[in-house]
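Participant: File follows, model.json with JSON, C-alpha atoms:
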[["chain", "number", "residue", "atom", "x", "y", "z"],
["A", 1, "MET", "CA", 154.86, 137.56, 113.64],
["A", 2, "ARG", "CA", 156.48, 135.98, 110.60],
["A", 3, "CYS", "CA", 157.58, 137.77, 107.44],
["A", 4, "ASN", "CA", 154.93, 136.22, 105.19],
["A", 5, "GLU", "CA", 152.20, 137.51, 107.51],
["A", 6, "SER", "CA", 153.92, 140.85, 107.89],
["A", 7, "LEU", "CA", 154.09, 141.35, 104.13],
["A", 8, "GLN", "CA", 150.33, 140.83, 103.87],
["A", 9, "LEU", "CA", 149.72, 143.57, 106.42],
["A", 10, "ILE", "CA", 152.20, 146.26, 105.43],
["A", 11, "ASP", "CA", 149.88, 148.11, 103.03],
["A", 12, "ALA", "CA", 147.12, 148.35, 105.61],
["A", 13, "TYR", "CA", 149.74, 149.34, 108.21],
["A", 14, "VAL", "CA", 151.04, 152.19, 106.03],
["A", 15, "ASP", "CA", 147.45, 153.31, 105.40],
["A", 16, "GLY", "CA", 146.56, 153.30, 109.10],
["A", 17, "GLN", "CA", 143.91, 150.64, 108.50],
["A", 18, "LEU", "CA", 145.09, 147.99, 110.95],
["A", 19, "PRO", "CA", 143.45, 147.32, 114.28],
["A", 20, "GLU", "CA", 145.61, 148.37, 117.23],
["A", 21, "ARG", "CA", 146.56, 144.83, 118.24],
["A", 22, "LEU", "CA", 147.88, 143.90, 114.78],
["A", 23, "ARG", "CA", 149.58, 147.25, 114.40],
["A", 24, "ALA", "CA", 151.49, 146.72, 117.64],
["A", 25, "GLN", "CA", 152.53, 143.22, 116.55],
["A", 26, "LEU", "CA", 153.74, 144.52, 113.21],
["A", 27, "ASP", "CA", 155.58, 147.39, 114.92],
["A", 28, "ASP", "CA", 157.47, 144.81, 116.97],
["A", 29, "HIS", "CA", 158.29, 142.75, 113.89],
["A", 30, "LEU", "CA", 159.52, 145.76, 111.93],
["A", 31, "THR", "CA", 161.98, 146.72, 114.65],
["A", 32, "THR", "CA", 163.69, 143.35, 114.32],
["A", 33, "CYS", "CA", 163.31, 142.53, 110.59],
["A", 34, "ALA", "CA", 165.37, 144.64, 108.22],
["A", 35, "SER", "CA", 163.76, 143.16, 105.11],
["A", 36, "CYS", "CA", 160.16, 143.90, 106.14],
["A", 37, "SER", "CA", 161.21, 147.28, 107.46],
["A", 38, "THR", "CA", 162.63, 148.12, 104.02],
["A", 39, "THR", "CA", 159.38, 146.98, 102.39],
["A", 40, "ALA", "CA", 157.37, 149.18, 104.76],
["A", 41, "ARG", "CA", 159.54, 152.20, 103.92],
["A", 42, "SER", "CA", 159.20, 151.63, 100.19],
["A", 43, "THR", "CA", 155.43, 151.14, 100.50],
["A", 44, "ARG", "CA", 155.19, 154.42, 102.37],
["A", 45, "ARG", "CA", 157.20, 156.10, 99.64],
["A", 46, "VAL", "CA", 154.94, 154.66, 96.92],
["A", 47, "ALA", "CA", 151.86, 155.85, 98.79],
["A", 48, "GLU", "CA", 153.28, 159.35, 99.11],
["A", 49, "ALA", "CA", 154.31, 159.41, 95.46],
["A", 50, "ALA", "CA", 150.82, 158.38, 94.37],
["A", 51, "ARG", "CA", 149.20, 160.99, 96.60],
["A", 52, "ASN", "CA", 151.52, 163.62, 95.19],
["A", 53, "ALA", "CA", 150.90, 162.60, 91.58],
["A", 54, "LEU", "CA", 147.11, 162.87, 91.82],
["A", 55, "GLU", "CA", 146.77, 166.62, 91.75],
["A", 56, "VAL", "CA", 143.43, 168.26, 92.42],
["A", 57, "CYS", "CA", 141.95, 170.46, 89.69],
["A", 58, "ALA", "CA", 139.07, 172.90, 89.89],
["A", 59, "LEU", "CA", 135.89, 172.74, 87.84],
["A", 60, "PRO", "CA", 134.62, 175.74, 85.86],
["A", 61, "ASP", "CA", 132.86, 178.29, 88.08],
["A", 62, "ASP", "CA", 129.48, 177.68, 86.47],
["A", 63, "PHE", "CA", 129.44, 173.94, 87.14],
["A", 64, "ALA", "CA", 126.97, 174.06, 90.04],
["A", 65, "ARG", "CA", 124.69, 176.37, 88.06],
["A", 66, "ARG", "CA", 124.68, 173.96, 85.11],
["A", 67, "VAL", "CA", 123.76, 171.08, 87.39],
["A", 68, "MET", "CA", 120.98, 173.09, 89.00],
["A", 69, "ASN", "CA", 119.63, 174.10, 85.59],
["A", 70, "ALA", "CA", 119.57, 170.45, 84.61],
["A", 71, "VAL", "CA", 117.67, 169.31, 87.70],
["A", 72, "SER", "CA", 115.31, 172.28, 88.08],
["A", 73, "PRO", "CA", 111.74, 171.64, 87.00],
["A", 74, "ARG", "CA", 110.92, 173.54, 83.84],
["A", 75, "PRO", "CA", 107.64, 175.49, 83.60],
["A", 76, "ARG", "CA", 105.14, 173.94, 81.21],
["A", 77, "LYS", "CA", 105.19, 175.58, 77.81],
["A", 78, "GLY", "CA", 101.45, 176.14, 77.70],
["A", 79, "LEU", "CA", 101.42, 177.93, 81.05],
["A", 80, "LEU", "CA", 104.26, 180.24, 80.02],
["A", 81, "TRP", "CA", 102.51, 181.04, 76.78],
["A", 82, "ARG", "CA", 99.32, 181.96, 78.60],
["A", 83, "VAL", "CA", 101.14, 184.15, 81.13],
["A", 84, "SER", "CA", 103.18, 185.97, 78.51],
["A", 85, "LYS", "CA", 100.25, 186.50, 76.14],
["A", 86, "PRO", "CA", 98.84, 190.07, 76.37],
["A", 87, "PHE", "CA", 95.44, 190.39, 77.92],
["A", 88, "PRO", "CA", 92.59, 190.72, 75.36],
["A", 89, "GLY", "CA", 91.81, 194.26, 74.45],
["A", 90, "ARG", "CA", 95.24, 195.63, 75.41],
["A", 91, "GLY", "CA", 98.13, 196.69, 73.22],
["B", 92, "MET", "CA", 139.42, 141.74, 106.97],
["B", 93, "PHE", "CA", 141.89, 143.69, 109.11],
["B", 94, "VAL", "CA", 140.07, 146.96, 108.97],
["B", 95, "LEU", "CA", 138.95, 148.65, 112.14],
["B", 96, "GLU", "CA", 135.23, 148.80, 112.69],
["B", 97, "CYS", "CA", 134.71, 152.30, 113.95],
["B", 98, "PRO", "CA", 131.45, 153.90, 112.78],
["B", 99, "VAL", "CA", 131.62, 157.61, 113.38],
["B", 100, "ILE", "CA", 128.72, 159.99, 113.13],
["B", 101, "SER", "CA", 130.41, 163.01, 111.63],
["B", 102, "PRO", "CA", 129.02, 166.54, 111.55],
["B", 103, "ARG", "CA", 129.18, 166.30, 107.77],
["B", 104, "LEU", "CA", 126.99, 163.18, 107.74],
["B", 105, "ASP", "CA", 124.39, 165.02, 109.82],
["B", 106, "SER", "CA", 124.66, 168.09, 107.64],
["B", 107, "ASP", "CA", 124.37, 166.09, 104.40],
["B", 108, "ASN", "CA", 121.32, 164.30, 105.70],
["B", 109, "VAL", "CA", 119.63, 167.56, 106.65],
["B", 110, "LEU", "CA", 120.25, 168.90, 103.14],
["B", 111, "ILE", "CA", 118.86, 165.74, 101.57],
["B", 112, "GLN", "CA", 115.74, 165.94, 103.68],
["B", 113, "ASP", "CA", 115.37, 169.59, 102.61],
["B", 114, "CYS", "CA", 115.67, 168.53, 98.96],
["B", 115, "ARG", "CA", 113.01, 165.88, 99.43],
["B", 116, "ALA", "CA", 110.78, 168.49, 101.00],
["B", 117, "GLY", "CA", 111.03, 170.52, 97.80],
["B", 118, "ASN", "CA", 113.85, 172.93, 98.64],
["B", 119, "ILE", "CA", 115.92, 172.52, 95.50],
["B", 120, "ASP", "CA", 118.47, 175.12, 96.67],
["B", 121, "ALA", "CA", 119.62, 172.65, 99.32],
["B", 122, "TYR", "CA", 120.91, 170.47, 96.52],
["B", 123, "SER", "CA", 123.20, 173.20, 95.21],
["B", 124, "LEU", "CA", 124.98, 173.12, 98.59],
["B", 125, "LEU", "CA", 125.56, 169.38, 98.20],
["B", 126, "VAL", "CA", 126.85, 169.94, 94.66],
["B", 127, "THR", "CA", 129.24, 172.61, 95.88],
["B", 128, "ARG", "CA", 130.42, 170.38, 98.70],
["B", 129, "TYR", "CA", 131.21, 167.33, 96.56],
["B", 130, "ARG", "CA", 131.86, 168.66, 93.05],
["B", 131, "THR", "CA", 135.67, 168.94, 93.28],
["B", 132, "GLY", "CA", 136.11, 165.47, 94.76],
["B", 133, "ILE", "CA", 133.76, 163.80, 92.30],
["B", 134, "TYR", "CA", 135.30, 165.60, 89.33],
["B", 135, "ASN", "CA", 138.86, 164.70, 90.26],
["B", 136, "PHE", "CA", 137.94, 161.09, 91.02],
["B", 137, "ILE", "CA", 136.42, 160.81, 87.55],
["B", 138, "ARG", "CA", 139.16, 162.78, 85.88],
["B", 139, "HIS", "CA", 141.92, 160.60, 87.28],
["B", 140, "THR", "CA", 139.92, 157.46, 86.59],
["B", 141, "ILE", "CA", 139.07, 158.13, 82.94],
["B", 142, "GLY", "CA", 141.93, 160.52, 82.16],
["B", 143, "ALA", "CA", 139.91, 162.81, 79.90],
["B", 144, "GLU", "CA", 139.19, 166.29, 81.20],
["B", 145, "THR", "CA", 136.18, 167.32, 79.11],
["B", 146, "ASP", "CA", 134.48, 163.95, 79.44],
["B", 147, "ALA", "CA", 135.16, 164.13, 83.18],
["B", 148, "GLN", "CA", 133.22, 167.40, 83.41],
["B", 149, "ASP", "CA", 130.28, 165.91, 81.52],
["B", 150, "LEU", "CA", 130.30, 162.75, 83.61],
["B", 151, "SER", "CA", 130.51, 164.79, 86.82],
["B", 152, "GLN", "CA", 127.40, 166.68, 85.80],
["B", 153, "GLU", "CA", 125.70, 163.38, 85.01],
["B", 154, "VAL", "CA", 126.63, 162.09, 88.48],
["B", 155, "PHE", "CA", 124.88, 164.98, 90.20],
["B", 156, "VAL", "CA", 121.85, 164.86, 87.91],
["B", 157, "ASN", "CA", 121.48, 161.10, 88.43],
["B", 158, "ALA", "CA", 122.01, 161.47, 92.18],
["B", 159, "TYR", "CA", 119.30, 164.12, 92.34],
["B", 160, "GLY", "CA", 116.89, 161.76, 90.58],
["B", 161, "ALA", "CA", 117.77, 158.99, 93.03],
["B", 162, "LEU", "CA", 117.61, 161.05, 96.24],
["B", 163, "GLY", "CA", 114.27, 159.47, 97.07],
["B", 164, "ARG", "CA", 116.04, 156.11, 97.39],
["B", 165, "PHE", "CA", 118.83, 157.46, 99.62],
["B", 166, "ARG", "CA", 118.66, 155.96, 103.09],
["B", 167, "ILE", "CA", 118.56, 158.80, 105.62],
["B", 168, "GLY", "CA", 121.12, 158.20, 108.37],
["B", 169, "SER", "CA", 123.71, 156.70, 106.05],
["B", 170, "PRO", "CA", 126.69, 158.65, 104.68],
["B", 171, "PHE", "CA", 126.13, 160.53, 101.44],
["B", 172, "GLU", "CA", 129.75, 160.49, 100.28],
["B", 173, "PRO", "CA", 130.13, 156.76, 99.47],
["B", 174, "TRP", "CA", 126.65, 156.80, 97.96],
["B", 175, "ILE", "CA", 127.46, 159.51, 95.43],
["B", 176, "TYR", "CA", 130.94, 158.12, 94.75],
["B", 177, "ARG", "CA", 129.31, 154.81, 93.93],
["B", 178, "ILE", "CA", 127.20, 156.56, 91.31],
["B", 179, "ALA", "CA", 130.40, 158.11, 89.93],
["B", 180, "ALA", "CA", 132.24, 154.76, 89.88],
["B", 181, "ASN", "CA", 129.37, 153.09, 88.03],
["B", 182, "LEU", "CA", 129.31, 155.90, 85.45],
["B", 183, "CYS", "CA", 133.06, 155.48, 84.95],
["B", 184, "ARG", "CA", 132.52, 151.76, 84.33],
["B", 185, "SER", "CA", 129.78, 152.55, 81.82],
["B", 186, "TYR", "CA", 132.09, 155.07, 80.17],
["B", 187, "PHE", "CA", 134.78, 152.43, 79.71],
["B", 188, "ARG", "CA", 132.30, 149.86, 78.46],
["B", 189, "GLN", "CA", 130.81, 152.25, 75.93],
["B", 190, "ALA", "CA", 133.90, 154.05, 74.78],
["B", 191, "LYS", "CA", 136.23, 151.04, 74.87],
["B", 192, "ARG", "CA", 139.15, 153.39, 74.90],
["B", 193, "ARG", "CA", 142.18, 153.75, 77.02],
["B", 194, "PRO", "CA", 142.36, 156.93, 79.06],
["B", 195, "ALA", "CA", 144.28, 159.77, 77.53],
["B", 196, "SER", "CA", 147.55, 160.54, 79.24],
["B", 197, "LEU", "CA", 147.20, 162.94, 82.12],
["B", 198, "ASP", "CA", 150.57, 164.32, 81.08],
["B", 199, "THR", "CA", 148.74, 166.58, 78.67],
["B", 200, "ASP", "CA", 149.21, 169.73, 80.65],
["B", 201, "LEU", "CA", 146.14, 170.02, 82.81],
["B", 202, "ARG", "CA", 148.10, 171.87, 85.42],
["B", 203, "ALA", "CA", 147.06, 175.29, 84.15],
["B", 204, "ASP", "CA", 143.83, 175.13, 86.12],
["B", 205, "MET", "CA", 145.30, 173.12, 88.95],
["B", 206, "THR", "CA", 144.52, 174.13, 92.48],
["B", 207, "GLU", "CA", 146.81, 172.79, 95.10],
["B", 208, "ASP", "CA", 145.50, 170.16, 97.44],
["B", 209, "THR", "CA", 145.78, 171.58, 100.95],
["B", 210, "SER", "CA", 147.19, 168.29, 102.19],
["B", 211, "SER", "CA", 150.31, 168.92, 100.11],
["B", 212, "ALA", "CA", 151.95, 170.68, 103.03],
["B", 213, "ASP", "CA", 153.32, 167.29, 104.10],
["B", 214, "PRO", "CA", 157.13, 167.69, 103.93],
["B", 215, "ILE", "CA", 157.61, 164.09, 102.78],
["B", 216, "ARG", "CA", 156.13, 165.14, 99.44],
["B", 217, "THR", "CA", 159.18, 167.19, 98.68],
["B", 218, "THR", "CA", 161.27, 164.01, 98.69],
["B", 219, "ILE", "CA", 159.52, 162.80, 95.51],
["B", 220, "SER", "CA", 161.09, 164.34, 92.43],
["B", 221, "HIS", "CA", 159.02, 165.84, 89.65],
["B", 222, "GLU", "CA", 160.32, 163.16, 87.32],
["B", 223, "ASP", "CA", 159.14, 160.43, 89.71],
["B", 224, "GLN", "CA", 155.77, 162.14, 89.96],
["B", 225, "ARG", "CA", 155.47, 162.10, 86.18],
["B", 226, "ARG", "CA", 156.41, 158.41, 86.06],
["B", 227, "ILE", "CA", 153.96, 157.53, 88.80],
["B", 228, "ARG", "CA", 151.18, 159.52, 87.11],
["B", 229, "ALA", "CA", 151.80, 157.65, 83.84],
["B", 230, "ALA", "CA", 151.87, 154.33, 85.70],
["B", 231, "ILE", "CA", 148.56, 155.10, 87.44],
["B", 232, "VAL", "CA", 146.95, 155.88, 84.08],
["B", 233, "ALA", "CA", 148.18, 152.53, 82.77],
["B", 234, "LEU", "CA", 146.76, 150.51, 85.69],
["B", 235, "PRO", "CA", 143.69, 148.32, 85.13],
["B", 236, "GLU", "CA", 140.58, 150.47, 85.68],
["B", 237, "GLU", "CA", 139.42, 148.79, 88.88],
["B", 238, "GLN", "CA", 142.89, 149.10, 90.44],
["B", 239, "ARG", "CA", 143.09, 152.71, 89.31],
["B", 240, "MET", "CA", 139.82, 153.56, 91.05],
["B", 241, "VAL", "CA", 141.13, 152.06, 94.29],
["B", 242, "VAL", "CA", 144.35, 154.05, 94.02],
["B", 243, "VAL", "CA", 142.50, 157.31, 93.33],
["B", 244, "LEU", "CA", 139.98, 156.82, 96.14],
["B", 245, "ARG", "CA", 142.73, 155.91, 98.58],
["B", 246, "HIS", "CA", 145.42, 158.42, 97.66],
["B", 247, "MET", "CA", 143.48, 161.39, 96.35],
["B", 248, "ARG", "CA", 140.40, 161.08, 98.55],
["B", 249, "GLY", "CA", 142.03, 159.39, 101.54],
["B", 250, "GLN", "CA", 139.08, 157.02, 101.85],
["B", 251, "SER", "CA", 139.32, 154.04, 104.19],
["B", 252, "TYR", "CA", 139.36, 150.51, 102.81],
["B", 253, "ARG", "CA", 135.80, 150.04, 104.04],
["B", 254, "GLU", "CA", 134.60, 153.24, 102.33],
["B", 255, "ILE", "CA", 136.29, 152.15, 99.09],
["B", 256, "SER", "CA", 134.65, 148.72, 99.33],
["B", 257, "THR", "CA", 131.26, 150.43, 99.68],
["B", 258, "VAL", "CA", 131.90, 152.75, 96.73],
["B", 259, "LEU", "CA", 133.09, 149.98, 94.43],
["B", 260, "GLY", "CA", 130.70, 147.32, 95.71],
["B", 261, "VAL", "CA", 133.45, 144.79, 96.45],
["B", 262, "PRO", "CA", 134.71, 143.15, 99.66],
["B", 263, "VAL", "CA", 137.40, 144.90, 101.72],
["B", 264, "THR", "CA", 139.79, 142.03, 100.93],
["B", 265, "THR", "CA", 139.37, 142.80, 97.21],
["B", 266, "VAL", "CA", 140.25, 146.44, 97.91],
["B", 267, "GLU", "CA", 143.38, 145.28, 99.75],
["B", 268, "HIS", "CA", 144.41, 142.97, 96.93],
["B", 269, "ARG", "CA", 143.87, 145.61, 94.25],
["B", 270, "LEU", "CA", 145.79, 148.22, 96.21],
["B", 271, "ARG", "CA", 148.66, 145.82, 96.84],
["B", 272, "ALA", "CA", 148.80, 144.86, 93.17],
["B", 273, "ALA", "CA", 148.73, 148.50, 92.07],
["B", 274, "ARG", "CA", 151.45, 149.49, 94.50],
["B", 275, "HIS", "CA", 153.59, 146.59, 93.33],
["B", 276, "VAL", "CA", 153.53, 148.14, 89.85],
["B", 277, "LEU", "CA", 154.13, 151.67, 91.16],
["B", 278, "ARG", "CA", 156.99, 150.48, 93.36],
["B", 279, "SER", "CA", 158.75, 148.94, 90.38],
["B", 280, "VAL", "CA", 158.38, 152.24, 88.53],
["B", 281, "LEU", "CA", 160.03, 154.12, 91.38],
["B", 282, "GLU", "CA", 162.78, 151.53, 91.77],
["B", 283, "ASP", "CA", 163.55, 151.62, 88.05],
["B", 284, "SER", "CA", 164.00, 155.37, 88.24],
["B", 285, "ASN", "CA", 166.52, 155.14, 91.10]]
In structure tokens, how does this file's structure come out?
Facilitator:
Amino acid sequence: MRCNESLQLIDAYVDGQLPERLRAQLDDHLTTCASCSTTARSTRRVAEAARNALEVCALPDDFARRVMNAVSPRPRKGLLWRVSKPFPGRG
Amino acid sequence: MFVLECPVISPRLDSDNVLIQDCRAGNIDAYSLLVTRYRTGIYNFIRHTIGAETDAQDLSQEVFVNAYGALGRFRIGSPFEPWIYRIAANLCRSYFRQAKRRPASLDTDLRADMTEDTSSADPIRTTISHEDQRRIRAAIVALPEEQRMVVVLRHMRGQSYREISTVLGVPVTTVEHRLRAARHVLRSVLEDSN
């Protein structure tokens, strides 16, 4: 494998996205090429830095309830009115 | 182009599909389980993409409401995660089109309500200084929006290139190019700091 091909593959290599055959070829190249090996190390460092920088935050506790309120079918106004209205002759 | 083709039927895929079928059958409570399962990921994807916390909460709610309305069009047997992330990505694009504003800096201290990602136990993380983290965070915020979404999906969600291509509706090669371009910028930030 040549350096120009290696440099095109290093990101996918670091991300574990290369097929086995290409990964093995790149492994071989990296053991003999100091320049590409340095690039692979720095790419790995960038990937780790990005992962570390993107912290995970929690949503408010009532988030799921708000979503469910928004998607739940609402009773028709007329039906509610009829149900809540006192029966004739009472009260 | 170099990505492994390895379709895997995960327990989660099966479980998501069962919940969706329950929803379609009229069991609305099944949807709350899907919301609970995906809310943190969707919210943080949006939050890091648009960089505005309150708007991210509103957009996250809109994602789940829109997804509920579109459940009838979901193809049973396919994974739910890229489907709902695609809805989120499209809402982020609409947000940028409508607001025409740059994302606010994430350096405004959002860490008060931060919960630690469980994957942070990786010891290599400790080799990145807090100052470098701050620089990288600022550089991610400054990336072009489409590159930023790739970075967030890859590094926060750990999605494969193929999953990212599905979410963003672009070829895998485009994902690779955007990630390489974004990392080129981030690498220069780290090198400048050393």
Participant: Quick one: everything within 9 Å of A:Leu7, counting only C-alpha atoms, minus sequence neighbours fewer than 4 positions away in the same chain. Send it as a list in words.
Facilitator: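 What passes the distance filter is Arg2, Cys3, Asp11, Cys36, Thr39 and Ala40 of chain A.
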Participant: Just give me the gap between atom CA of A:Ala34 and atom CA of A:Glu5 in Å, one decimal is fine.
Facilitator: 15.0 Å
Participant: Of the residues B:Val242, B:Ala161, B:Ile167, B:Ile175, which is the one nearest to chain A, using only C-alpha atoms?
Facilitator: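 Once distances to chain A are computed over only C-alpha atoms, the minimum belongs to B:Val242.
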Participant: Name the closest residue to B:Asn108 among the candidates B:Phe165, B:Phe155, B:Tyr129, B:Phe136; distances are taken between atoms, counting only C-alpha atoms.
Facilitator: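 For B:Asn108, the nearest of the candidates is B:Phe165.
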Participant: Starting from chain A, keep only residues with some atom at most 9 Å from an atom of chain B, counting all atoms listed in the file, and report them as a ChimeraX atom specification.
Facilitator: /A:8-9,11-12,15-20,22,42-43,45-60,63-68,70-72
Participant: Would you mind exporting the chosen residues as a PDB file, in the frame of the given file, restricted to C-alpha atoms?
Facilitator:
ATOM      1  CA  GLN A   8     150.330 140.830 103.870  1.00  0.00           C
ATOM      2  CA  LEU A   9     149.720 143.570 106.420  1.00  0.00           C
ATOM      3  CA  ASP A  11     149.880 148.110 103.030  1.00  0.00           C
ATOM      4  CA  ALA A  12     147.120 148.350 105.610  1.00  0.00           C
ATOM      5  CA  ASP A  15     147.450 153.310 105.400  1.00  0.00           C
ATOM      6  CA  GLY A  16     146.560 153.300 109.100  1.00  0.00           C
ATOM      7  CA  GLN A  17     143.910 150.640 108.500  1.00  0.00           C
ATOM      8  CA  LEU A  18     145.090 147.990 110.950  1.00  0.00           C
ATOM      9  CA  PRO A  19     143.450 147.320 114.280  1.00  0.00           C
ATOM     10  CA  GLU A  20     145.610 148.370 117.230  1.00  0.00           C
ATOM     11  CA  LEU A  22     147.880 143.900 114.780  1.00  0.00           C
ATOM     12  CA  SER A  42     159.200 151.630 100.190  1.00  0.00           C
ATOM     13  CA  THR A  43     155.430 151.140 100.500  1.00  0.00           C
ATOM     14  CA  ARG A  45     157.200 156.100  99.640  1.00  0.00           C
ATOM     15  CA  VAL A  46     154.940 154.660  96.920  1.00  0.00           C
ATOM     16  CA  ALA A  47     151.860 155.850  98.790  1.00  0.00           C
ATOM     17  CA  GLU A  48     153.280 159.350  99.110  1.00  0.00           C
ATOM     18  CA  ALA A  49     154.310 159.410  95.460  1.00  0.00           C
ATOM     19  CA  ALA A  50     150.820 158.380  94.370  1.00  0.00           C
ATOM     20  CA  ARG A  51     149.200 160.990  96.600  1.00  0.00           C
ATOM     21  CA  ASN A  52     151.520 163.620  95.190  1.00  0.00           C
ATOM     22  CA  ALA A  53     150.900 162.600  91.580  1.00  0.00           C
ATOM     23  CA  LEU A  54     147.110 162.870  91.820  1.00  0.00           C
ATOM     24  CA  GLU A  55     146.770 166.620  91.750  1.00  0.00           C
ATOM     25  CA  VAL A  56     143.430 168.260  92.420  1.00  0.00           C
ATOM     26  CA  CYS A  57     141.950 170.460  89.690  1.00  0.00           C
ATOM     27  CA  ALA A  58     139.070 172.900  89.890  1.00  0.00           C
ATOM     28  CA  LEU A  59     135.890 172.740  87.840  1.00  0.00           C
ATOM     29  CA  PRO A  60     134.620 175.740  85.860  1.00  0.00           C
ATOM     30  CA  PHE A  63     129.440 173.940  87.140  1.00  0.00           C
ATOM     31  CA  ALA A  64     126.970 174.060  90.040  1.00  0.00           C
ATOM     32  CA  ARG A  65     124.690 176.370  88.060  1.00  0.00           C
ATOM     33  CA  ARG A  66     124.680 173.960  85.110  1.00  0.00           C
ATOM     34  CA  VAL A  67     123.760 171.080  87.390  1.00  0.00           C
ATOM     35  CA  MET A  68     120.980 173.090  89.000  1.00  0.00           C
ATOM     36  CA  ALA A  70     119.570 170.450  84.610  1.00  0.00           C
ATOM     37  CA  VAL A  71     117.670 169.310  87.700  1.00  0.00           C
ATOM     38  CA  SER A  72     115.310 172.280  88.080  1.00  0.00           C
TER      39      SER A  72
END
Participant: One number please: atom CA of B:Glu236 to atom CA of B:Pro173, in Å, one decimal.
Facilitator: 18.4 Å
